[in-house]
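Trainee: Handing over model-v2.pdb, PDB, C-alpha atoms.
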ATOM      1  CA  MET A   1      25.087 -19.047  -4.592
ATOM      2  CA  LEU A   2      23.249 -20.040  -7.694
ATOM      3  CA  PRO A   3      23.708 -17.784 -10.717
ATOM      4  CA  GLY A   4      20.703 -15.610 -11.375
ATOM      5  CA  HIS A   5      18.861 -15.851  -8.069
ATOM      6  CA  GLY A   6      21.575 -15.486  -5.463
ATOM      7  CA  LEU A   7      20.099 -18.441  -3.571
ATOM      8  CA  ASP A   8      21.733 -21.168  -1.528
ATOM      9  CA  PRO A   9      22.648 -24.300  -3.521
ATOM     10  CA  GLY A  10      21.082 -27.536  -2.407
ATOM     11  CA  GLU A  11      17.823 -25.815  -1.471
ATOM     12  CA  ARG A  12      16.678 -24.491  -4.802
ATOM     13  CA  SER A  13      17.167 -25.435  -8.406
ATOM     14  CA  VAL A  14      18.861 -23.075 -10.832
ATOM     15  CA  ASN A  15      15.838 -23.722 -13.044
ATOM     16  CA  SER A  16      13.381 -22.342 -10.497
ATOM     17  CA  PRO A  17      11.013 -19.815 -12.077
ATOM     18  CA  LEU A  18      11.387 -16.348 -10.537
ATOM     19  CA  VAL A  19       8.240 -14.369  -9.664
ATOM     20  CA  VAL A  20       8.356 -10.805  -8.353
ATOM     21  CA  ASN A  21       5.538  -9.811  -6.001
ATOM     22  CA  LEU A  22       5.113  -6.284  -7.287
ATOM     23  CA  GLY A  23       3.418  -3.676  -5.106
ATOM     24  CA  VAL A  24       4.420  -0.806  -7.472
ATOM     25  CA  GLY A  25       5.798   1.103  -4.483
ATOM     26  CA  VAL A  26       9.368   2.257  -3.817
ATOM     27  CA  ASP A  27      10.732  -1.079  -2.641
ATOM     28  CA  SER A  28       9.352  -3.316  -5.371
ATOM     29  CA  VAL A  29      10.320  -0.897  -8.157
ATOM     30  CA  ALA A  30      13.844  -0.680  -6.713
ATOM     31  CA  LEU A  31      13.920  -4.483  -6.618
ATOM     32  CA  LEU A  32      13.292  -4.558 -10.376
ATOM     33  CA  ILE A  33      16.114  -2.080 -10.953
ATOM     34  CA  GLY A  34      18.489  -4.150  -8.835
ATOM     35  CA  LEU A  35      17.596  -7.301 -10.747
ATOM     36  CA  HIS A  36      18.278  -5.530 -14.041
ATOM     37  CA  GLN A  37      21.653  -4.301 -12.756
ATOM     38  CA  ARG A  38      22.554  -7.906 -11.947
ATOM     39  CA  GLU A  39      21.234  -9.206 -15.281
ATOM     40  CA  ILE A  40      18.570 -11.301 -13.566
ATOM     41  CA  ARG A  41      15.398 -11.504 -15.648
ATOM     42  CA  PRO A  42      12.227 -12.459 -13.757
ATOM     43  CA  ASP A  43       9.785 -14.853 -15.350
ATOM     44  CA  LEU A  44       6.703 -13.068 -13.997
ATOM     45  CA  LEU A  45       5.883  -9.682 -12.464
ATOM     46  CA  LEU A  46       2.659 -10.005 -10.517
ATOM     47  CA  PHE A  47       0.598  -7.063  -9.228
ATOM     48  CA  ALA A  48      -2.574  -7.744  -7.224
ATOM     49  CA  ASP A  49      -5.083  -4.917  -7.650
ATOM     50  CA  THR A  50      -7.542  -4.424  -4.784
ATOM     51  CA  GLY A  51      -9.476  -1.954  -6.923
ATOM     52  CA  GLY A  52      -8.740   0.823  -4.433
ATOM     53  CA  GLU A  53      -5.207   1.922  -5.302
ATOM     54  CA  LYS A  54      -4.515   5.632  -5.635
ATOM     55  CA  PRO A  55      -4.679   7.009  -9.194
ATOM     56  CA  GLY A  56      -0.938   7.643  -9.116
ATOM     57  CA  THR A  57      -0.235   3.931  -8.709
ATOM     58  CA  TYR A  58      -2.329   3.029 -11.747
ATOM     59  CA  ALA A  59      -0.594   5.801 -13.706
ATOM     60  CA  TYR A  60       2.812   4.510 -12.599
ATOM     61  CA  LEU A  61       2.053   1.111 -14.101
ATOM     62  CA  LEU A  62       2.068   2.809 -17.521
ATOM     63  CA  ILE A  63       5.394   4.518 -16.809
ATOM     64  CA  LEU A  64       6.864   1.256 -15.557
ATOM     65  CA  ALA A  65       5.622  -0.607 -18.634
ATOM     66  CA  GLU A  66       7.855   1.540 -20.875
ATOM     67  CA  TRP A  67      10.933   0.881 -18.719
ATOM     68  CA  LEU A  68      10.227  -2.865 -18.571
ATOM     69  CA  ALA A  69       9.956  -3.065 -22.342
ATOM     70  CA  ARG A  70      13.174  -1.084 -22.733
ATOM     71  CA  VAL A  71      15.202  -3.416 -20.482
ATOM     72  CA  GLY A  72      13.632  -6.618 -21.819
ATOM     73  CA  PHE A  73      11.649  -7.571 -18.728
ATOM     74  CA  PRO A  74       8.205  -9.175 -18.989
ATOM     75  CA  PRO A  75       5.174  -6.877 -18.679
ATOM     76  CA  VAL A  76       3.294  -6.602 -15.402
ATOM     77  CA  THR A  77       0.524  -9.152 -14.992
ATOM     78  CA  VAL A  78      -2.361  -7.569 -13.069
ATOM     79  CA  VAL A  79      -4.598  -9.927 -11.102
ATOM     80  CA  ARG A  80      -7.679  -9.462  -8.945
ATOM     81  CA  ARG A  81      -9.317 -11.666  -6.389
ATOM     82  CA  PRO A  82     -11.740 -14.056  -8.119
ATOM     83  CA  LEU A  83     -15.349 -12.919  -8.029
ATOM     84  CA  GLY A  84     -17.208 -14.591  -5.169
ATOM     85  CA  PRO A  85     -20.911 -15.357  -4.683
ATOM     86  CA  ALA A  86     -21.495 -12.019  -2.909
ATOM     87  CA  GLY A  87     -20.641 -10.229  -6.156
ATOM     88  CA  TYR A  88     -18.208  -7.576  -4.955
ATOM     89  CA  ARG A  89     -15.208  -7.025  -7.168
ATOM     90  CA  THR A  90     -13.060  -4.746  -4.981
ATOM     91  CA  LEU A  91     -12.112  -4.329  -1.340
ATOM     92  CA  GLU A  92     -14.061  -1.074  -1.213
ATOM     93  CA  GLU A  93     -17.211  -2.812  -2.517
ATOM     94  CA  ASN A  94     -16.664  -5.570   0.042
ATOM     95  CA  CYS A  95     -16.534  -3.060   2.916
ATOM     96  CA  TRP A  96     -19.449  -0.990   1.584
ATOM     97  CA  GLN A  97     -21.732  -3.966   1.022
ATOM     98  CA  ASN A  98     -21.002  -5.449   4.460
ATOM     99  CA  GLU A  99     -21.056  -2.065   6.246
ATOM    100  CA  THR A 100     -17.613  -2.655   7.711
ATOM    101  CA  LEU A 101     -14.004  -1.470   7.458
ATOM    102  CA  PRO A 102     -10.823  -3.056   6.095
ATOM    103  CA  SER A 103      -9.614  -5.703   8.513
ATOM    104  CA  LEU A 104      -6.498  -3.711   9.375
ATOM    105  CA  ALA A 105      -8.742  -1.272  11.262
ATOM    106  CA  PHE A 106      -9.496  -4.215  13.573
ATOM    107  CA  SER A 107      -5.757  -5.108  13.856
ATOM    108  CA  LEU A 108      -6.173  -8.043  11.454
ATOM    109  CA  LYS A 109      -4.388  -8.858   8.176
ATOM    110  CA  GLY A 110      -7.272  -9.996   5.983
ATOM    111  CA  CYS A 111      -6.841  -7.155   3.473
ATOM    112  CA  SER A 112      -3.411  -8.244   2.293
ATOM    113  CA  LEU A 113      -4.148 -11.953   2.611
ATOM    114  CA  LYS A 114      -7.494 -11.986   0.822
ATOM    115  CA  TRP A 115      -7.009  -9.239  -1.741
ATOM    116  CA  LYS A 116      -3.285  -9.554  -2.439
ATOM    117  CA  ALA A 117      -1.806 -12.946  -1.520
ATOM    118  CA  ASP A 118      -4.893 -15.007  -2.404
ATOM    119  CA  ALA A 119      -5.313 -13.197  -5.728
ATOM    120  CA  MET A 120      -1.704 -13.902  -6.674
ATOM    121  CA  ASP A 121      -1.882 -17.530  -5.573
ATOM    122  CA  ALA A 122      -5.103 -18.075  -7.543
ATOM    123  CA  PHE A 123      -3.205 -16.999 -10.654
ATOM    124  CA  LEU A 124      -0.101 -19.041  -9.854
ATOM    125  CA  LEU A 125      -1.685 -22.231  -8.521
ATOM    126  CA  GLY A 126      -4.965 -22.068 -10.408
ATOM    127  CA  ILE A 127      -8.441 -22.815  -9.074
ATOM    128  CA  LYS A 128      -9.554 -26.431  -9.171
ATOM    129  CA  ARG A 129     -13.331 -26.051  -9.259
ATOM    130  CA  GLY A 130     -16.254 -23.674  -9.368
ATOM    131  CA  PRO A 131     -17.132 -20.767 -11.670
ATOM    132  CA  ASN A 132     -13.620 -19.298 -11.371
ATOM    133  CA  LYS A 133     -11.912 -22.562 -12.320
ATOM    134  CA  ARG A 134      -8.618 -21.972 -14.108
ATOM    135  CA  ALA A 135      -5.344 -23.763 -14.810
ATOM    136  CA  PRO A 136      -2.154 -22.840 -12.943
ATOM    137  CA  TRP A 137       0.410 -20.499 -14.472
ATOM    138  CA  LEU A 138       2.277 -22.604 -17.024
ATOM    139  CA  LEU A 139       5.711 -22.425 -15.356
ATOM    140  CA  MET A 140       4.104 -23.155 -12.002
ATOM    141  CA  ALA A 141       2.487 -26.295 -13.410
ATOM    142  CA  GLU A 142       5.822 -27.390 -14.882
ATOM    143  CA  ALA A 143       7.607 -26.714 -11.582
ATOM    144  CA  ILE A 144       5.094 -28.820  -9.664
ATOM    145  CA  THR A 145       5.483 -31.653 -12.164
ATOM    146  CA  THR A 146       9.276 -31.627 -11.848
ATOM    147  CA  ASN A 147       9.266 -31.052  -8.057
ATOM    148  CA  ILE A 148      10.897 -27.610  -8.326
ATOM    149  CA  LYS A 149       9.847 -24.722  -6.116
ATOM    150  CA  VAL A 150       9.006 -21.329  -7.609
ATOM    151  CA  VAL A 151      11.012 -18.447  -6.126
ATOM    152  CA  LYS A 152       8.998 -15.425  -4.972
ATOM    153  CA  ALA A 153      11.049 -12.224  -4.709
ATOM    154  CA  ILE A 154       9.615  -9.921  -2.030
ATOM    155  CA  GLY A 155      10.429  -6.214  -1.787
ATOM    156  CA  TYR A 156      11.313  -5.848   1.894
ATOM    157  CA  ASP A 157      14.140  -3.321   2.134
ATOM    158  CA  ALA A 158      17.125  -3.444   4.508
ATOM    159  CA  GLY A 159      15.846  -0.698   6.800
ATOM    160  CA  PRO A 160      14.931  -1.643  10.374
ATOM    161  CA  LYS A 161      11.161  -1.629   9.802
ATOM    162  CA  ASP A 162      11.166  -3.864   6.728
ATOM    163  CA  SER A 163      13.882  -6.095   8.171
ATOM    164  CA  ARG A 164      11.497  -6.907  11.014
ATOM    165  CA  ARG A 165       8.736  -7.612   8.496
ATOM    166  CA  GLY A 166      10.982 -10.017   6.605
ATOM    167  CA  ARG A 167      11.996 -11.880   9.762
ATOM    168  CA  ASN A 168       8.379 -12.130  10.866
ATOM    169  CA  HIS A 169       7.154 -13.418   7.512
ATOM    170  CA  ALA A 170       6.175 -16.986   8.258
ATOM    171  CA  PRO A 171       5.126 -18.857   5.097
ATOM    172  CA  SER A 172       2.197 -21.205   5.457
ATOM    173  CA  LYS A 173       2.544 -24.955   5.007
ATOM    174  CA  ARG A 174       1.141 -24.626   1.480
ATOM    175  CA  ASP A 175       3.569 -21.802   0.694
ATOM    176  CA  ARG A 176       6.516 -23.919   1.850
ATOM    177  CA  ARG A 177       5.334 -26.735  -0.377
ATOM    178  CA  PHE A 178       5.332 -24.666  -3.581
ATOM    179  CA  PHE A 179       7.510 -21.587  -3.010
ATOM    180  CA  GLU A 180      10.835 -20.325  -1.743
ATOM    181  CA  PHE A 181      10.963 -16.689  -0.600
ATOM    182  CA  TRP A 182      13.801 -14.341  -1.458
ATOM    183  CA  TYR A 183      14.371 -10.822  -0.081
ATOM    184  CA  PRO A 184      16.889  -9.279  -2.509
ATOM    185  CA  LEU A 185      16.892  -5.739  -1.082
ATOM    186  CA  ARG A 186      17.939  -7.061   2.311
ATOM    187  CA  GLU A 187      20.597  -9.218   0.657
ATOM    188  CA  TRP A 188      21.952  -6.168  -1.200
ATOM    189  CA  GLY A 189      21.770  -3.899   1.867
ATOM    190  CA  TRP A 190      19.381  -1.434   0.189
ATOM    191  CA  ASP A 191      17.376   0.593   2.710
ATOM    192  CA  ARG A 192      14.549   2.871   1.637
ATOM    193  CA  ALA A 193      16.785   5.859   0.950
ATOM    194  CA  ARG A 194      19.018   3.711  -1.264
ATOM    195  CA  CYS A 195      15.925   2.411  -3.081
ATOM    196  CA  VAL A 196      14.811   5.970  -3.818
ATOM    197  CA  ALA A 197      18.293   6.883  -5.073
ATOM    198  CA  GLU A 198      18.427   3.857  -7.397
ATOM    199  CA  ILE A 199      14.993   4.632  -8.852
ATOM    200  CA  LEU A 200      16.024   8.216  -9.634
ATOM    201  CA  ALA A 201      19.357   7.063 -11.073
ATOM    202  CA  ALA A 202      17.451   4.739 -13.418
ATOM    203  CA  GLY A 203      15.547   7.749 -14.786
ATOM    204  CA  LEU A 204      12.222   6.784 -13.212
ATOM    205  CA  PRO A 205      10.031   8.936 -10.971
ATOM    206  CA  VAL A 206       9.640   7.836  -7.362
ATOM    207  CA  PRO A 207       6.325   5.983  -7.029
ATOM    208  CA  LEU A 208       3.689   6.639  -4.422
ATOM    209  CA  LYS A 209       3.366   4.293  -1.492
ATOM    210  CA  SER A 210       1.205   1.488  -2.825
ATOM    211  CA  ALA A 211      -1.923   1.271  -0.672
ATOM    212  CA  CYS A 212      -5.659   1.696  -0.894
ATOM    213  CA  PHE A 213      -6.827   5.281  -0.560
ATOM    214  CA  PHE A 214      -8.765   4.187   2.547
ATOM    215  CA  CYS A 215      -5.915   2.162   4.081
ATOM    216  CA  PRO A 216      -5.947   2.164   7.901
ATOM    217  CA  ALA A 217      -2.125   2.248   7.858
ATOM    218  CA  SER A 218      -2.138   5.735   6.309
ATOM    219  CA  GLN A 219      -0.217   8.387   8.214
ATOM    220  CA  PRO A 220      -1.641  11.866   8.903
ATOM    221  CA  TRP A 221       0.517  13.418   6.179
ATOM    222  CA  GLU A 222      -0.990  10.980   3.678
ATOM    223  CA  LEU A 223      -4.501  12.067   4.620
ATOM    224  CA  TYR A 224      -3.596  15.728   4.131
ATOM    225  CA  TRP A 225      -2.120  14.767   0.760
ATOM    226  CA  LEU A 226      -5.148  12.672  -0.232
ATOM    227  CA  ALA A 227      -7.578  15.459   0.697
ATOM    228  CA  GLY A 228      -5.532  17.920  -1.377
ATOM    229  CA  ALA A 229      -4.702  15.753  -4.387
ATOM    230  CA  HIS A 230      -7.875  13.651  -4.562
ATOM    231  CA  PRO A 231     -10.627  15.196  -2.417
ATOM    232  CA  GLU A 232     -13.237  12.926  -3.999
ATOM    233  CA  LEU A 233     -11.355   9.854  -2.757
ATOM    234  CA  PHE A 234     -10.905  11.354   0.694
ATOM    235  CA  VAL A 235     -14.667  11.930   0.919
ATOM    236  CA  ARG A 236     -15.292   8.344  -0.245
ATOM    237  CA  ALA A 237     -13.042   7.040   2.527
ATOM    238  CA  ILE A 238     -14.945   9.113   5.088
ATOM    239  CA  ALA A 239     -18.249   7.792   3.691
ATOM    240  CA  LEU A 240     -16.953   4.221   4.089
ATOM    241  CA  GLU A 241     -16.168   4.915   7.735
ATOM    242  CA  ASP A 242     -19.564   6.612   8.293
ATOM    243  CA  ARG A 243     -21.375   3.635   6.779
ATOM    244  CA  ALA A 244     -19.553   1.208   9.077
ATOM    245  CA  ARG A 245     -20.292   3.376  12.108
ATOM    246  CA  ASN A 246     -23.985   3.778  11.306
ATOM    247  CA  GLY A 247     -24.560   0.339   9.761
ATOM    248  CA  ARG A 248     -26.092  -2.810  11.090
ATOM    249  CA  HIS A 249     -22.950  -3.844  12.976
ATOM    250  CA  GLY A 250     -21.869  -0.415  14.197
ATOM    251  CA  LEU A 251     -18.459   0.489  15.596
ATOM    252  CA  HIS A 252     -17.724   0.042  19.276
ATOM    253  CA  THR A 253     -14.142  -0.236  20.538
ATOM    254  CA  VAL A 254     -12.871   0.491  17.040
ATOM    255  CA  LYS A 255     -13.821   4.084  16.260
ATOM    256  CA  GLY A 256     -12.905   4.301  12.577
ATOM    257  CA  LEU A 257     -10.288   3.595   9.938
ATOM    258  CA  TRP A 258      -7.436   4.198  12.387
ATOM    259  CA  GLY A 259      -8.921   1.703  14.827
ATOM    260  CA  ARG A 260      -9.217   2.464  18.520
ATOM    261  CA  ASP A 261      -8.795   5.776  20.286
ATOM    262  CA  VAL A 262      -5.541   5.779  22.252
ATOM    263  CA  GLU A 263      -5.225   8.085  25.238
ATOM    264  CA  PRO A 264      -1.836   9.825  25.578
ATOM    265  CA  GLY A 265       0.417   8.377  28.238
ATOM    266  CA  PRO A 266       4.036   8.400  29.380
ATOM    267  CA  ARG A 267       5.058   5.842  26.741
ATOM    268  CA  ARG A 268       2.563   6.393  23.955
ATOM    269  CA  LYS A 269       1.135   9.155  21.856
ATOM    270  CA  GLY A 270      -2.560   9.850  21.750
ATOM    271  CA  LYS A 271      -4.447   8.742  18.658
ATOM    272  CA  ILE A 272      -7.911   9.394  17.309
ATOM    273  CA  GLY A 273      -9.345   6.255  15.721
ATOM    274  CA  SER A 274     -11.822   8.025  13.427
ATOM    275  CA  TRP A 275     -10.641   9.712  10.256
ATOM    276  CA  ARG A 276     -13.782  11.855  10.269
ATOM    277  CA  ARG A 277     -13.317  13.114  13.806
ATOM    278  CA  TRP A 278      -9.636  13.837  13.199
ATOM    279  CA  ALA A 279     -10.309  15.590   9.872
ATOM    280  CA  GLU A 280     -12.998  17.766  11.476
ATOM    281  CA  GLN A 281     -10.725  18.671  14.391
ATOM    282  CA  VAL A 282      -7.821  19.754  12.174
ATOM    283  CA  GLY A 283     -10.104  21.675   9.809
ATOM    284  CA  ILE A 284      -9.937  19.509   6.702
ATOM    285  CA  LEU A 285     -13.563  18.431   6.635
ATOM    286  CA  ALA A 286     -16.985  19.942   7.212
ATOM    287  CA  GLY A 287     -19.837  17.503   6.695
ATOM    288  CA  SER A 288     -19.046  15.796   3.413
ATOM    289  CA  ARG A 289     -16.831  18.522   1.962
ATOM    290  CA  VAL A 290     -13.106  19.162   2.056
ATOM    291  CA  VAL A 291     -12.930  22.793   3.183
ATOM    292  CA  MET A 292      -9.206  23.369   3.769
ATOM    293  CA  PRO A 293      -7.596  25.010   0.692
ATOM    294  CA  ARG A 294      -5.570  22.653  -1.469
ATOM    295  CA  VAL A 295      -2.319  24.624  -1.107
ATOM    296  CA  GLN A 296      -2.625  24.518   2.672
ATOM    297  CA  LEU A 297      -3.324  20.776   2.590
ATOM    298  CA  MET A 298      -0.288  20.035   0.432
ATOM    299  CA  LEU A 299       2.048  22.250   2.469
ATOM    300  CA  LYS A 300       0.916  20.583   5.703
ATOM    301  CA  ALA A 301       1.364  17.164   4.116
ATOM    302  CA  ALA A 302       4.914  18.060   3.037
ATOM    303  CA  GLU A 303       5.743  19.387   6.505
ATOM    304  CA  LEU A 304       4.508  16.253   8.276
ATOM    305  CA  ARG A 305       6.191  14.003   5.724
ATOM    306  CA  ARG A 306       9.567  15.657   6.336
ATOM    307  CA  ALA A 307       9.039  15.328  10.083
ATOM    308  CA  ALA A 308       8.357  11.597   9.587
ATOM    309  CA  GLY A 309      11.715  11.234   7.798
ATOM    310  CA  GLU A 310      10.249   9.945   4.523
ATOM    311  CA  PRO A 311      12.953  10.004   1.813
ATOM    312  CA  GLY A 312      12.536  11.078  -1.782
ATOM    313  CA  PRO A 313      10.526  13.729  -3.600
ATOM    314  CA  PHE A 314       7.082  14.596  -2.292
ATOM    315  CA  PRO A 315       4.179  13.305  -4.432
ATOM    316  CA  GLY A 316       2.833  16.089  -6.613
ATOM    317  CA  GLY A 317       6.051  18.074  -6.776
ATOM    318  CA  CYS A 318       6.060  19.743  -3.332
ATOM    319  CA  SER A 319       9.369  19.523  -1.500
TER
END
Turn the structure described in the file into structure tokens.

Mentor:
Amino acid sequence: MLPGHGLDPGERSVNSPLVVNLGVGVDSVALLIGLHQREIRPDLLLFADTGGEKPGTYAYLLILAEWLARVGFPPVTVVRRPLGPAGYRTLEENCWQNETLPSLAFSLKGCSLKWKADAMDAFLLGIKRGPNKRAPWLLMAEAITTNIKVVKAIGYDAGPKDSRRGRNHAPSKRDRRFFEFWYPLREWGWDRARCVAEILAAGLPVPLKSACFFCPASQPWELYWLAGAHPELFVRAIALEDRARNGRHGLHTVKGLWGRDVEPGPRRKGKIGSWRRWAEQVGILAGSRVVMPRVQLMLKAAELRRAAGEPGPFPGGCS
């Protein structure tokens, strides 16, 4: 293995620049800690901001900045998707303007591709023409000139869920031309519980799951938590769903941010597709107001989180 990257010789150059795709969640923060333990210094830490992250994620960037400076790592570079002709700057604005939902609600992957991967690649590879024209990242340009591939470190942990994600990650033809992908947490055998333990041992708080506050992948406990910790954001997410339902396209098979309704059966659990309908049924929401008391919301969130087997401290201090 090559010193520094732990990569197979003959496939990658020891001089390959190392970029960390930083989500500012548990896995990617643990990845940084593991790199520091192994005295591997990344060349670039890249965080793509959709504009809809939870406040705790933006606050964690400030906490992380102090640790990065202390260990001699580069600061986080925050990028956003280049402004297009439609004028929206965030994923939420995109959905609101088009009276639709994030693509994950329709079982598609456009959110992460358009607002994360494309934003990062625009910074790394540059934009050749148009109003957003910009040069590539300097080390990327040098790597292309010398026919060296840039290494992207991805924070997929060694647990069964993320191991499947890593195996199913199929780089595009363009990606294979410019990048090699490295999954250090899997190489080190760090599952999510180990990642949490390493973050705490490094003296850092455990970060929130990095995701938009209206993410269709949110679990029920996260909605209880969001309604308790940030009721204004919960109401905004409901308004986004209402606008898609009542807008010019409407919602048909897909019922809301959770997608389709799923009837309970012998091999599957029932699921309500609409956040609004679910929140009204469990007593969180009445009209456009969160009516369940905050303490009750946070206790229910903690209960469901424990039942889901999520490791680490509960966001907001509840255990």

Trainee: Neighbouring residues of A:Leu299 were defined as those with any atom within 9 Å, considering all atoms listed in the file; residues of the same chain fewer than 3 positions away were excluded. Please report them as a PyMOL selection string.

Mentor: chain A and resi 224-225+294-296+302-304+318-319

Trainee: Work out how far atom CA of A:Thr100 is from atom CA of A:Arg245, in Å to one decimal.

Mentor: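 Going from atom CA of A:Arg245 over to atom CA of A:Thr100, I get 7.9 Å.
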
Trainee: Expand the PyMOL selection byres ((chain A and resi 192) around 9) into the individual residues it matches in the shown file, reporting them as an NGL selection string.

Mentor: :A and (26-27 or 157-159 or 190-191 or 193-197 or 310-311)

Trainee: Near A:Gln97, within 10 Å and counting all atoms listed in the file, which residues show up once chain neighbours fewer than 6 positions away are dropped, as a PyMOL selection string?

Mentor: chain A and resi 86-88+91+240+243-244

Trainee: Would you mind reading off the distance between atom CA of A:Ser112 and atom CA of A:Glu263, one decimal, in Å?

Mentor: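 Atom CA of A:Ser112 sits 28.2 Å away from atom CA of A:Glu263.
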
Trainee: To one decimal in Å, tell me the separation between atom CA of A:Gly110 and atom CA of A:Tyr156.

Mentor: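 Interatomic distance here is 19.5 Å.
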